[in-house]
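Q: Please see the structure below; I have some questions.
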Amino acid sequence: MLARLPLGYLLLMAALAVVVGGVAVQRCMRMSKVTTAFLAVSVGCCLVMTAVGALSLGRWNERQMLVVYAFTWTGLMLGLFPSRKLLAAYAEDVRRGVTGNRFVYPVRNQVAFYASVLVMALLGAALAI
């Protein structure tokens, strides 16, 4: 359904997902190297997914891949939202050079993360058809 939109709208949707993710990572971590790496990885993932769709290596075309990418990346950001304070504290320890801290990621945050990514990926796949 969403894959029938003009390509410009789909690119805008994917770009918005990347920008929202970059802003969220910068606000949480406050580390420009991490934000730059996150943006590079997200753009790389988008390009690879679009290339796979364009080459018809799978059953999805590039428009459908852009929809799935935007929804999945949004799910990733929504899934990291509950653990933003924990990640900010960890980033602060890294900035101060504190070593020996063992980072423990609570199970409830893991469940929220996995569930959010899975639900948004399935929703994106359903809306891409």
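Order determines the names: the first chain of the structure tokens is A, the second B, and so forth; residues in each chain are numbered 1 upward, and ligands are numbered 1 upward as they are shown.
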Might you pull out every residue within 12 Å of A:Gly100, with only C-alpha atoms counted and same-chain residues fewer than 4 positions away left off, and present them as a ChimeraX atom specification?

A: /A:90,93-94

Q: Among stretch 22-122 of chain A, which residues does DSSP mark as helix (DSSP H, G or I) when it is run on the backbone? Keep the chain and numbering as in the structure and answer as a VMD selection string.

A: chain A and resid 22 to 29 32 to 54 62 to 96 107 to 122

Q: For A:Val19, which of A:Gln110, A:Ser32, A:Thr99, A:Ser42 is the closest residue, counting only C-alpha atoms?

A: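 Ranking A:Gln110, A:Ser32, A:Thr99, A:Ser42 by distance to A:Val19, first place goes to A:Ser42.
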
Q: Check the smallest atom-to-atom distance from each of A:Val67, A:Glu92, A:Val111, A:Ala121 to A:Leu2 using only C-alpha atoms, then report the winner.

A: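 Going through A:Val67, A:Glu92, A:Val111, A:Ala121 one by one, the smallest distance to A:Leu2 is for A:Val67.
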
Q: Counting only C-alpha atoms, which of A:Asn109, A:Val43, A:Phe38, A:Leu12 gets nearest to A:Gln26?

A: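 When distances to A:Gln26 are compared using only C-alpha atoms, the smallest one comes from A:Phe38.
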
Q: For A:Glu62, which residue out of A:Leu76, A:Leu86, A:Leu122, A:Leu47 is the nearest one, using only C-alpha atoms?

A: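 Using only C-alpha atoms, A:Glu62 sits closest to A:Leu47.
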
Q: Can you pull out the residues contacting A:Ile129? Cut-off 8 Å, using only C-alpha atoms, and skip same-chain residues under 3 positions away; I want them as a PyMOL selection string.

A: chain A and resi 1-3+64+125-126

Q: From the options A:Ala15, A:Leu123, A:Val117, A:Val34, which residue's atoms come nearest to A:Leu78, counting only C-alpha atoms?

A: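 Closest to A:Leu78 of all the choices is A:Val117.
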
Q: Of the candidates A:Arg96, A:Gly79, A:Ser56, A:Ala14, which shows the shortest atom-to-atom distance to A:Gly124, using only C-alpha atoms?

A: A:Ala14

Q: Kindly give the distance, in Å, that separates atom CA of A:Met65 and atom CA of A:Ala128, rounded to a single decimal.

A: 7.8 Å
